[in-house]
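Coordinates from target_5.txt are shown below (compact mmCIF, N, CA and C atoms).
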# COMPACT_ATOMS: atom_id res chain seq x y z
N MET A 19 95.69 93.07 121.74
CA MET A 19 95.96 93.48 120.37
C MET A 19 96.03 95.00 120.31
N THR A 20 96.89 95.49 119.47
CA THR A 20 97.06 96.92 119.28
C THR A 20 95.89 97.49 118.47
N THR A 21 95.38 98.63 118.91
CA THR A 21 94.28 99.29 118.20
C THR A 21 94.73 100.66 117.72
N VAL A 22 93.82 101.35 117.08
CA VAL A 22 94.09 102.69 116.55
C VAL A 22 94.49 103.65 117.65
N TYR A 23 93.95 103.47 118.84
CA TYR A 23 94.21 104.37 119.95
C TYR A 23 95.65 104.26 120.46
N ASP A 24 96.34 103.16 120.16
CA ASP A 24 97.68 102.92 120.69
C ASP A 24 98.79 103.46 119.80
N ILE A 25 98.48 103.88 118.59
CA ILE A 25 99.48 104.32 117.61
C ILE A 25 99.32 105.81 117.37
N PRO A 26 100.42 106.58 117.28
CA PRO A 26 100.31 108.00 116.97
C PRO A 26 99.59 108.23 115.64
N ALA A 27 98.78 109.28 115.59
CA ALA A 27 97.92 109.52 114.43
C ALA A 27 98.72 109.70 113.15
N ASP A 28 99.85 110.42 113.20
CA ASP A 28 100.59 110.67 111.96
C ASP A 28 101.14 109.39 111.36
N MET A 29 101.63 108.48 112.19
CA MET A 29 102.14 107.21 111.68
C MET A 29 101.01 106.37 111.10
N LEU A 30 99.89 106.32 111.80
CA LEU A 30 98.77 105.50 111.36
C LEU A 30 98.19 106.03 110.05
N ILE A 31 97.98 107.33 109.97
CA ILE A 31 97.37 107.91 108.77
C ILE A 31 98.26 107.69 107.56
N ARG A 32 99.56 107.83 107.73
CA ARG A 32 100.49 107.62 106.61
C ARG A 32 100.39 106.18 106.10
N GLN A 33 100.35 105.21 107.00
CA GLN A 33 100.29 103.80 106.59
C GLN A 33 98.92 103.42 106.02
N VAL A 34 97.86 103.94 106.62
CA VAL A 34 96.52 103.64 106.11
C VAL A 34 96.34 104.23 104.72
N ALA A 35 96.92 105.40 104.46
CA ALA A 35 96.85 106.00 103.14
C ALA A 35 97.53 105.10 102.11
N GLU A 36 98.67 104.52 102.47
CA GLU A 36 99.35 103.60 101.55
C GLU A 36 98.50 102.37 101.29
N GLU A 37 97.81 101.87 102.30
CA GLU A 37 96.97 100.69 102.13
C GLU A 37 95.72 101.03 101.31
N LEU A 38 95.17 102.23 101.49
CA LEU A 38 93.98 102.62 100.73
C LEU A 38 94.29 102.81 99.25
N LYS A 39 95.53 103.14 98.92
CA LYS A 39 95.91 103.28 97.51
C LYS A 39 95.73 101.96 96.78
N LYS A 40 95.89 100.86 97.48
CA LYS A 40 95.78 99.53 96.87
C LYS A 40 94.34 99.14 96.62
N ASN A 41 93.39 99.83 97.23
CA ASN A 41 91.97 99.52 97.08
C ASN A 41 91.42 100.26 95.86
N SER A 42 90.81 99.52 94.95
CA SER A 42 90.30 100.14 93.72
C SER A 42 89.07 101.01 93.97
N GLN A 43 88.39 100.84 95.12
CA GLN A 43 87.20 101.63 95.42
C GLN A 43 87.56 103.06 95.83
N ILE A 44 88.78 103.26 96.33
CA ILE A 44 89.20 104.58 96.80
C ILE A 44 90.06 105.22 95.72
N GLN A 45 89.47 106.13 94.97
CA GLN A 45 90.17 106.82 93.89
C GLN A 45 89.78 108.30 93.93
N PRO A 46 90.74 109.20 93.73
CA PRO A 46 90.37 110.62 93.69
C PRO A 46 89.54 110.93 92.45
N PRO A 47 88.52 111.77 92.58
CA PRO A 47 87.74 112.17 91.40
C PRO A 47 88.60 113.01 90.45
N ASP A 48 88.08 113.23 89.26
CA ASP A 48 88.83 114.00 88.26
C ASP A 48 89.10 115.43 88.73
N TRP A 49 88.17 116.00 89.48
CA TRP A 49 88.30 117.38 89.91
C TRP A 49 89.23 117.55 91.11
N ALA A 50 89.70 116.47 91.70
CA ALA A 50 90.51 116.56 92.92
C ALA A 50 91.86 117.24 92.68
N ALA A 51 92.35 117.21 91.45
CA ALA A 51 93.65 117.84 91.17
C ALA A 51 93.56 119.36 91.25
N PHE A 52 92.36 119.91 91.13
CA PHE A 52 92.19 121.35 91.09
C PHE A 52 91.47 121.91 92.31
N ALA A 53 90.94 121.06 93.15
CA ALA A 53 90.07 121.50 94.24
C ALA A 53 90.86 121.98 95.45
N LYS A 54 90.36 123.05 96.06
CA LYS A 54 90.87 123.46 97.36
C LYS A 54 90.14 122.63 98.41
N THR A 55 90.70 122.54 99.60
CA THR A 55 90.06 121.75 100.64
C THR A 55 89.08 122.57 101.47
N GLY A 56 88.89 123.82 101.14
CA GLY A 56 87.93 124.66 101.83
C GLY A 56 88.09 126.10 101.38
N VAL A 57 87.10 126.94 101.73
CA VAL A 57 87.15 128.34 101.32
C VAL A 57 88.24 129.10 102.08
N HIS A 58 88.71 128.54 103.17
CA HIS A 58 89.75 129.20 103.96
C HIS A 58 91.15 128.97 103.38
N LYS A 59 91.26 128.15 102.36
CA LYS A 59 92.55 127.88 101.71
C LYS A 59 92.67 128.70 100.44
N GLU A 60 93.92 129.07 100.11
CA GLU A 60 94.14 129.83 98.89
C GLU A 60 94.51 128.95 97.71
N MET A 61 95.17 127.82 97.98
CA MET A 61 95.66 126.95 96.91
C MET A 61 95.25 125.50 97.18
N PRO A 62 95.24 124.67 96.13
CA PRO A 62 94.99 123.24 96.35
C PRO A 62 96.18 122.60 97.08
N PRO A 63 96.01 121.40 97.63
CA PRO A 63 97.12 120.74 98.32
C PRO A 63 98.28 120.47 97.38
N GLU A 64 99.50 120.52 97.91
CA GLU A 64 100.69 120.28 97.10
C GLU A 64 101.01 118.80 96.96
N ASN A 65 100.61 118.00 97.95
CA ASN A 65 100.87 116.57 97.93
C ASN A 65 100.00 115.91 96.86
N ASP A 66 100.61 115.12 95.98
CA ASP A 66 99.85 114.45 94.93
C ASP A 66 98.91 113.39 95.49
N ASP A 67 99.25 112.81 96.62
CA ASP A 67 98.44 111.76 97.24
C ASP A 67 97.54 112.30 98.34
N TRP A 68 97.17 113.55 98.29
CA TRP A 68 96.41 114.16 99.38
C TRP A 68 95.05 113.51 99.55
N TRP A 69 94.46 112.98 98.47
CA TRP A 69 93.15 112.36 98.59
C TRP A 69 93.20 111.14 99.51
N TYR A 70 94.24 110.34 99.36
CA TYR A 70 94.38 109.13 100.18
C TYR A 70 94.70 109.49 101.64
N VAL A 71 95.49 110.54 101.83
CA VAL A 71 95.82 110.98 103.19
C VAL A 71 94.56 111.50 103.88
N ARG A 72 93.76 112.28 103.16
CA ARG A 72 92.51 112.79 103.74
C ARG A 72 91.54 111.65 104.01
N ALA A 73 91.47 110.68 103.09
CA ALA A 73 90.58 109.53 103.30
C ALA A 73 91.00 108.75 104.54
N ALA A 74 92.30 108.57 104.73
CA ALA A 74 92.80 107.86 105.90
C ALA A 74 92.49 108.64 107.17
N ALA A 75 92.64 109.95 107.13
CA ALA A 75 92.37 110.77 108.30
C ALA A 75 90.88 110.76 108.64
N VAL A 76 90.03 110.83 107.62
CA VAL A 76 88.58 110.77 107.84
C VAL A 76 88.20 109.40 108.40
N PHE A 77 88.79 108.35 107.85
CA PHE A 77 88.52 106.99 108.31
C PHE A 77 88.89 106.85 109.78
N ARG A 78 90.03 107.39 110.18
CA ARG A 78 90.46 107.34 111.58
C ARG A 78 89.51 108.12 112.47
N ARG A 79 89.05 109.28 111.99
CA ARG A 79 88.12 110.10 112.78
C ARG A 79 86.78 109.38 112.97
N ILE A 80 86.32 108.68 111.96
CA ILE A 80 85.07 107.92 112.10
C ILE A 80 85.26 106.83 113.15
N TYR A 81 86.42 106.19 113.13
CA TYR A 81 86.72 105.12 114.10
C TYR A 81 86.74 105.67 115.52
N THR A 82 87.43 106.78 115.73
CA THR A 82 87.63 107.29 117.08
C THR A 82 86.42 108.09 117.61
N ASP A 83 85.73 108.81 116.74
CA ASP A 83 84.67 109.71 117.20
C ASP A 83 83.27 109.13 117.09
N GLY A 84 83.16 107.88 116.70
CA GLY A 84 81.84 107.26 116.65
C GLY A 84 81.03 107.72 115.46
N PRO A 85 79.71 107.68 115.55
CA PRO A 85 78.93 108.12 114.40
C PRO A 85 79.14 109.61 114.14
N VAL A 86 79.62 109.92 112.96
CA VAL A 86 79.85 111.32 112.59
C VAL A 86 79.19 111.58 111.24
N GLY A 87 78.80 112.83 111.03
CA GLY A 87 78.20 113.23 109.79
C GLY A 87 79.11 114.17 109.02
N ILE A 88 78.62 114.61 107.90
CA ILE A 88 79.41 115.47 107.02
C ILE A 88 79.69 116.82 107.69
N GLN A 89 78.71 117.38 108.37
CA GLN A 89 78.92 118.70 108.98
C GLN A 89 79.99 118.67 110.07
N ARG A 90 80.01 117.63 110.87
CA ARG A 90 81.02 117.54 111.92
C ARG A 90 82.41 117.38 111.30
N MET A 91 82.51 116.62 110.22
CA MET A 91 83.80 116.45 109.57
C MET A 91 84.22 117.73 108.86
N ARG A 92 83.27 118.48 108.32
CA ARG A 92 83.60 119.77 107.72
C ARG A 92 84.18 120.71 108.77
N SER A 93 83.61 120.68 109.97
CA SER A 93 84.12 121.53 111.05
C SER A 93 85.51 121.09 111.48
N ALA A 94 85.76 119.80 111.46
CA ALA A 94 87.07 119.29 111.87
C ALA A 94 88.16 119.71 110.89
N TYR A 95 87.82 119.83 109.61
CA TYR A 95 88.81 120.18 108.59
C TYR A 95 88.70 121.63 108.13
N GLY A 96 88.04 122.45 108.91
CA GLY A 96 87.94 123.87 108.59
C GLY A 96 89.12 124.65 109.15
N GLY A 97 89.05 125.96 109.01
CA GLY A 97 90.11 126.82 109.50
C GLY A 97 89.70 128.27 109.40
N LYS A 98 90.62 129.17 109.77
CA LYS A 98 90.27 130.59 109.74
C LYS A 98 90.41 131.15 108.33
N HIS A 99 89.40 131.90 107.93
CA HIS A 99 89.34 132.51 106.61
C HIS A 99 89.87 133.94 106.69
N ASP A 100 90.89 134.22 105.92
CA ASP A 100 91.48 135.56 105.89
C ASP A 100 90.56 136.47 105.07
N ARG A 101 89.98 137.46 105.72
CA ARG A 101 89.03 138.35 105.05
C ARG A 101 89.64 139.72 104.79
N GLY A 102 90.94 139.79 104.63
CA GLY A 102 91.59 141.06 104.36
C GLY A 102 91.72 141.87 105.63
N SER A 103 91.22 143.10 105.60
CA SER A 103 91.34 143.96 106.78
C SER A 103 90.30 143.64 107.84
N ALA A 104 89.28 142.87 107.48
CA ALA A 104 88.27 142.44 108.46
C ALA A 104 88.84 141.30 109.30
N PRO A 105 88.35 141.13 110.50
CA PRO A 105 88.85 140.03 111.33
C PRO A 105 88.60 138.66 110.70
N ASN A 106 89.48 137.73 110.98
CA ASN A 106 89.33 136.38 110.47
C ASN A 106 88.11 135.72 111.09
N ARG A 107 87.52 134.80 110.33
CA ARG A 107 86.39 134.01 110.82
C ARG A 107 86.64 132.55 110.51
N PHE A 108 86.08 131.68 111.33
CA PHE A 108 86.18 130.25 111.07
C PHE A 108 85.26 129.87 109.92
N LYS A 109 85.78 129.09 108.99
CA LYS A 109 84.98 128.55 107.89
C LYS A 109 85.18 127.05 107.84
N ARG A 110 84.10 126.33 107.59
CA ARG A 110 84.18 124.88 107.51
C ARG A 110 84.88 124.45 106.23
N GLY A 111 85.42 123.23 106.25
CA GLY A 111 86.09 122.67 105.08
C GLY A 111 85.10 122.23 104.02
N SER A 112 85.62 121.71 102.93
CA SER A 112 84.81 121.31 101.79
C SER A 112 83.92 120.12 102.13
N GLY A 113 82.63 120.26 101.87
CA GLY A 113 81.70 119.17 102.11
C GLY A 113 81.74 118.13 101.00
N SER A 114 82.06 118.56 99.80
CA SER A 114 82.11 117.63 98.68
C SER A 114 83.21 116.60 98.86
N ILE A 115 84.35 117.04 99.34
CA ILE A 115 85.47 116.12 99.57
C ILE A 115 85.08 115.09 100.62
N VAL A 116 84.53 115.54 101.74
CA VAL A 116 84.14 114.63 102.81
C VAL A 116 83.06 113.68 102.33
N ARG A 117 82.08 114.18 101.59
CA ARG A 117 80.98 113.36 101.10
C ARG A 117 81.48 112.26 100.17
N LYS A 118 82.36 112.62 99.23
CA LYS A 118 82.89 111.62 98.30
C LYS A 118 83.73 110.58 99.02
N ILE A 119 84.50 111.00 100.01
CA ILE A 119 85.30 110.04 100.77
C ILE A 119 84.39 109.10 101.56
N PHE A 120 83.34 109.64 102.17
CA PHE A 120 82.37 108.79 102.86
C PHE A 120 81.78 107.76 101.91
N GLN A 121 81.38 108.20 100.71
CA GLN A 121 80.77 107.30 99.73
C GLN A 121 81.75 106.22 99.28
N GLN A 122 83.02 106.59 99.11
CA GLN A 122 84.02 105.61 98.69
C GLN A 122 84.31 104.61 99.80
N LEU A 123 84.39 105.08 101.04
CA LEU A 123 84.61 104.16 102.16
C LEU A 123 83.42 103.22 102.35
N GLU A 124 82.21 103.71 102.07
CA GLU A 124 81.03 102.85 102.13
C GLU A 124 81.07 101.80 101.03
N ALA A 125 81.47 102.21 99.82
CA ALA A 125 81.55 101.27 98.70
C ALA A 125 82.59 100.20 98.97
N ALA A 126 83.67 100.55 99.67
CA ALA A 126 84.71 99.58 100.01
C ALA A 126 84.28 98.66 101.15
N GLY A 127 83.21 99.00 101.84
CA GLY A 127 82.71 98.16 102.93
C GLY A 127 83.32 98.48 104.28
N TYR A 128 84.01 99.61 104.40
CA TYR A 128 84.66 99.96 105.66
C TYR A 128 83.77 100.80 106.56
N VAL A 129 82.78 101.48 105.99
CA VAL A 129 81.93 102.40 106.74
C VAL A 129 80.48 102.12 106.39
N ALA A 130 79.61 102.27 107.36
CA ALA A 130 78.17 102.11 107.13
C ALA A 130 77.45 103.38 107.52
N HIS A 131 76.37 103.66 106.80
CA HIS A 131 75.57 104.86 107.06
C HIS A 131 74.39 104.47 107.95
N GLY A 132 74.32 105.10 109.12
CA GLY A 132 73.23 104.84 110.05
C GLY A 132 72.45 106.09 110.34
N SER A 133 71.55 106.01 111.31
CA SER A 133 70.70 107.16 111.62
C SER A 133 71.48 108.29 112.28
N GLY A 134 72.55 107.99 113.02
CA GLY A 134 73.31 109.02 113.70
C GLY A 134 74.50 109.51 112.90
N GLY A 135 74.75 108.92 111.74
CA GLY A 135 75.90 109.29 110.92
C GLY A 135 76.63 108.04 110.46
N ARG A 136 77.86 108.24 110.03
CA ARG A 136 78.65 107.10 109.55
C ARG A 136 79.38 106.44 110.71
N THR A 137 79.41 105.11 110.69
CA THR A 137 80.13 104.33 111.67
C THR A 137 81.01 103.32 110.94
N VAL A 138 82.03 102.83 111.64
CA VAL A 138 82.95 101.87 111.06
C VAL A 138 82.32 100.48 111.15
N THR A 139 82.38 99.73 110.06
CA THR A 139 81.88 98.37 110.04
C THR A 139 82.92 97.44 110.66
N PRO A 140 82.54 96.21 110.97
CA PRO A 140 83.55 95.26 111.49
C PRO A 140 84.73 95.06 110.53
N ALA A 141 84.47 95.09 109.23
CA ALA A 141 85.57 94.95 108.26
C ALA A 141 86.50 96.16 108.32
N GLY A 142 85.92 97.35 108.49
CA GLY A 142 86.74 98.55 108.61
C GLY A 142 87.53 98.58 109.90
N ARG A 143 86.91 98.13 110.99
CA ARG A 143 87.60 98.07 112.28
C ARG A 143 88.76 97.08 112.20
N SER A 144 88.54 95.95 111.56
CA SER A 144 89.59 94.95 111.40
C SER A 144 90.73 95.49 110.55
N PHE A 145 90.39 96.20 109.47
CA PHE A 145 91.40 96.78 108.59
C PHE A 145 92.29 97.76 109.36
N LEU A 146 91.68 98.68 110.09
CA LEU A 146 92.46 99.68 110.83
C LEU A 146 93.26 99.04 111.96
N ASP A 147 92.68 98.08 112.66
CA ASP A 147 93.41 97.42 113.74
C ASP A 147 94.58 96.61 113.22
N ASN A 148 94.43 95.99 112.06
CA ASN A 148 95.54 95.24 111.47
C ASN A 148 96.67 96.16 111.06
N VAL A 149 96.34 97.32 110.50
CA VAL A 149 97.38 98.30 110.15
C VAL A 149 98.07 98.79 111.41
N ALA A 150 97.29 99.07 112.46
CA ALA A 150 97.87 99.53 113.72
C ALA A 150 98.76 98.46 114.34
N ASN A 151 98.35 97.20 114.24
CA ASN A 151 99.16 96.11 114.78
C ASN A 151 100.48 95.98 114.02
N GLY A 152 100.45 96.24 112.71
CA GLY A 152 101.68 96.20 111.92
C GLY A 152 102.63 97.32 112.27
N LEU A 153 102.12 98.42 112.80
CA LEU A 153 102.96 99.57 113.15
C LEU A 153 103.42 99.53 114.60
N LYS A 154 103.05 98.49 115.33
CA LYS A 154 103.35 98.44 116.76
C LYS A 154 104.85 98.53 117.04
N ALA A 155 105.67 97.78 116.30
CA ALA A 155 107.12 97.78 116.54
C ALA A 155 107.74 99.13 116.19
N GLU A 156 107.29 99.72 115.08
CA GLU A 156 107.81 101.02 114.68
C GLU A 156 107.43 102.10 115.70
N ALA A 157 106.22 102.04 116.20
CA ALA A 157 105.77 103.03 117.19
C ALA A 157 106.55 102.89 118.49
N ALA A 158 106.82 101.67 118.89
CA ALA A 158 107.58 101.44 120.13
C ALA A 158 109.02 101.91 119.98
N ALA A 159 109.58 101.82 118.77
CA ALA A 159 110.95 102.26 118.54
C ALA A 159 111.07 103.79 118.56
N THR A 160 110.08 104.48 118.01
CA THR A 160 110.14 105.94 117.97
C THR A 160 109.76 106.55 119.32
N ALA A 161 108.82 105.94 120.01
CA ALA A 161 108.39 106.45 121.31
C ALA A 161 108.33 105.28 122.29
N PRO A 162 109.39 105.04 123.06
CA PRO A 162 109.42 103.88 123.95
C PRO A 162 108.26 103.81 124.94
N GLY A 163 107.66 104.92 125.26
CA GLY A 163 106.54 104.92 126.18
C GLY A 163 105.30 104.25 125.62
N LEU A 164 105.26 104.03 124.30
CA LEU A 164 104.11 103.41 123.68
C LEU A 164 104.14 101.89 123.75
N ALA A 165 105.31 101.34 124.11
CA ALA A 165 105.42 99.87 124.19
C ALA A 165 104.60 99.38 125.37
N LYS A 166 103.73 98.42 125.09
CA LYS A 166 102.92 97.84 126.16
C LYS A 166 103.70 96.70 126.79
N TYR A 167 103.46 96.51 128.05
CA TYR A 167 104.18 95.47 128.78
C TYR A 167 103.58 94.13 128.57
Just give me the structure as structure tokens.
Amino acid sequence: MTTVYDIPADMLIRQVAEELKKNSQIQPPDWAAFAKTGVHKEMPPENDDWWYVRAAAVFRRIYTDGPVGIQRMRSAYGGKHDRGSAPNRFKRGSGSIVRKIFQQLEAAGYVAHGSGGRTVTPAGRSFLDNVANGLKAEAAATAPGLAKY
């Protein structure tokens, strides 16, 4: 069976975001329309569906990286902060966004909170693997090397 590891990340995240839109547990908060994704950004995201795309990307990272916490995810979504004439420095991404997405994925039953961080539940693993299996033909068409024998 095809898993998350067999499908390119951009294809998988796009499709998982579409599937998460159908889930009533995953909804952007009221403040999401105005929020930046970190102090290193100057403007909020331009994509109207950025919350679902970020949720899908975070969900995939939890699947692939094992138990992860908010700080590790903040570091993954951080970037260099332009400090004017001073040298740039790395700044972590928004913790509130990651925290709310974690809470929503937990409420949907896809992620569980353990002692080492968040992990994917069997329902979440099944959800992601089913989406990946649905993308198998499309992935093989775009990149023939991905087709399994």
If you count all atoms listed in the file, which residues fall within 6.5 Å of range 31-45 of chain A, apart from same-chain ones fewer than 3 positions away, as number ranges by chain?
A: 26-28, 70-71, 74-75, 122-123, 125-126
Among listed residues A:Val86, A:Arg136, A:Gln121, A:His58, nearest Asp100 in chain A (using only N, CA and C atoms):
A:His58
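When all atoms listed in the file are used to measure the gap to Phe108 in chain A, the shortest distance among A:Gly127, A:Gly87, A:Gly96, A:Gly56 belongs to A:Gly96.
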If we count only C-alpha atoms, what is near range 139-146 of chain A at a cut-off of 8 Å, once residues fewer than 3 positions away on the same chain are taken out, given as a list in words?
Thr21, Val22, Val34, Arg78, Tyr81, Gly127, Tyr128, Val129, Ala130, Val149 and Ala150 of chain A
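In this model, the gap between CA of Arg92 in chain A and CA of Arg110 in chain A comes to 5.1 Å.
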Write down as a PyMOL selection string the residues of chain A whose backbone DSSP state falls under strand (DSSP E or B).
chain A and resi 56+86+97-101+104-109+111+129-132+135-138
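The gap separating CA of Met29 in chain A from atom N of Trp69 in chain A is 16.3 Å, in Å to one decimal.
Pairwise distance (atom N of Phe52 in chain A, atom C of Ile80 in chain A) equals 26.6 Å.
When all atoms listed in the file are used to measure the gap to Lys154 in chain A, the shortest distance among A:His131, A:Thr20, A:Gly113, A:Asn106 belongs to A:Thr20.
Across A:Ala155, A:Thr137, A:Ser114, A:Ile25, the tightest approach to Pro85 in chain A is made by A:Thr137 when counting only C-alpha atoms.
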Can you list every residue in chain A that DSSP puts in alpha helix (DSSP H), as a VMD selection string?
chain A and resid 27 to 39 68 to 83 88 to 94 113 to 126 140 to 152 154 to 160
Give me the residues near Lys59 in chain A as a PyMOL selection string, where near means some atom within 10 Å (using only C-alpha atoms) and where sequence neighbours in that chain fewer than 5 positions away do not count.
chain A and resi 54+96-100+109+111
Dump as a PDB file, in the frame of the given file, selection limited to N, CA and C atoms:
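Contents of the output file out-v2.pdb:
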ATOM      1  N   LYS A  54      90.360 123.050  96.060  1.00  0.00           N
ATOM      2  CA  LYS A  54      90.870 123.460  97.360  1.00  0.00           C
ATOM      3  C   LYS A  54      90.140 122.630  98.410  1.00  0.00           C
ATOM      4  N   GLY A  96      88.040 122.450 108.910  1.00  0.00           N
ATOM      5  CA  GLY A  96      87.940 123.870 108.590  1.00  0.00           C
ATOM      6  C   GLY A  96      89.120 124.650 109.150  1.00  0.00           C
ATOM      7  N   GLY A  97      89.050 125.960 109.010  1.00  0.00           N
ATOM      8  CA  GLY A  97      90.110 126.820 109.500  1.00  0.00           C
ATOM      9  C   GLY A  97      89.700 128.270 109.400  1.00  0.00           C
ATOM     10  N   LYS A  98      90.620 129.170 109.770  1.00  0.00           N
ATOM     11  CA  LYS A  98      90.270 130.590 109.740  1.00  0.00           C
ATOM     12  C   LYS A  98      90.410 131.150 108.330  1.00  0.00           C
ATOM     13  N   HIS A  99      89.400 131.900 107.930  1.00  0.00           N
ATOM     14  CA  HIS A  99      89.340 132.510 106.610  1.00  0.00           C
ATOM     15  C   HIS A  99      89.870 133.940 106.690  1.00  0.00           C
ATOM     16  N   ASP A 100      90.890 134.220 105.920  1.00  0.00           N
ATOM     17  CA  ASP A 100      91.480 135.560 105.890  1.00  0.00           C
ATOM     18  C   ASP A 100      90.560 136.470 105.070  1.00  0.00           C
ATOM     19  N   LYS A 109      85.780 129.090 108.990  1.00  0.00           N
ATOM     20  CA  LYS A 109      84.980 128.550 107.890  1.00  0.00           C
ATOM     21  C   LYS A 109      85.180 127.050 107.840  1.00  0.00           C
ATOM     22  N   GLY A 111      85.420 123.230 106.250  1.00  0.00           N
ATOM     23  CA  GLY A 111      86.090 122.670 105.080  1.00  0.00           C
ATOM     24  C   GLY A 111      85.100 122.230 104.020  1.00  0.00           C
TER      25      GLY A 111
END
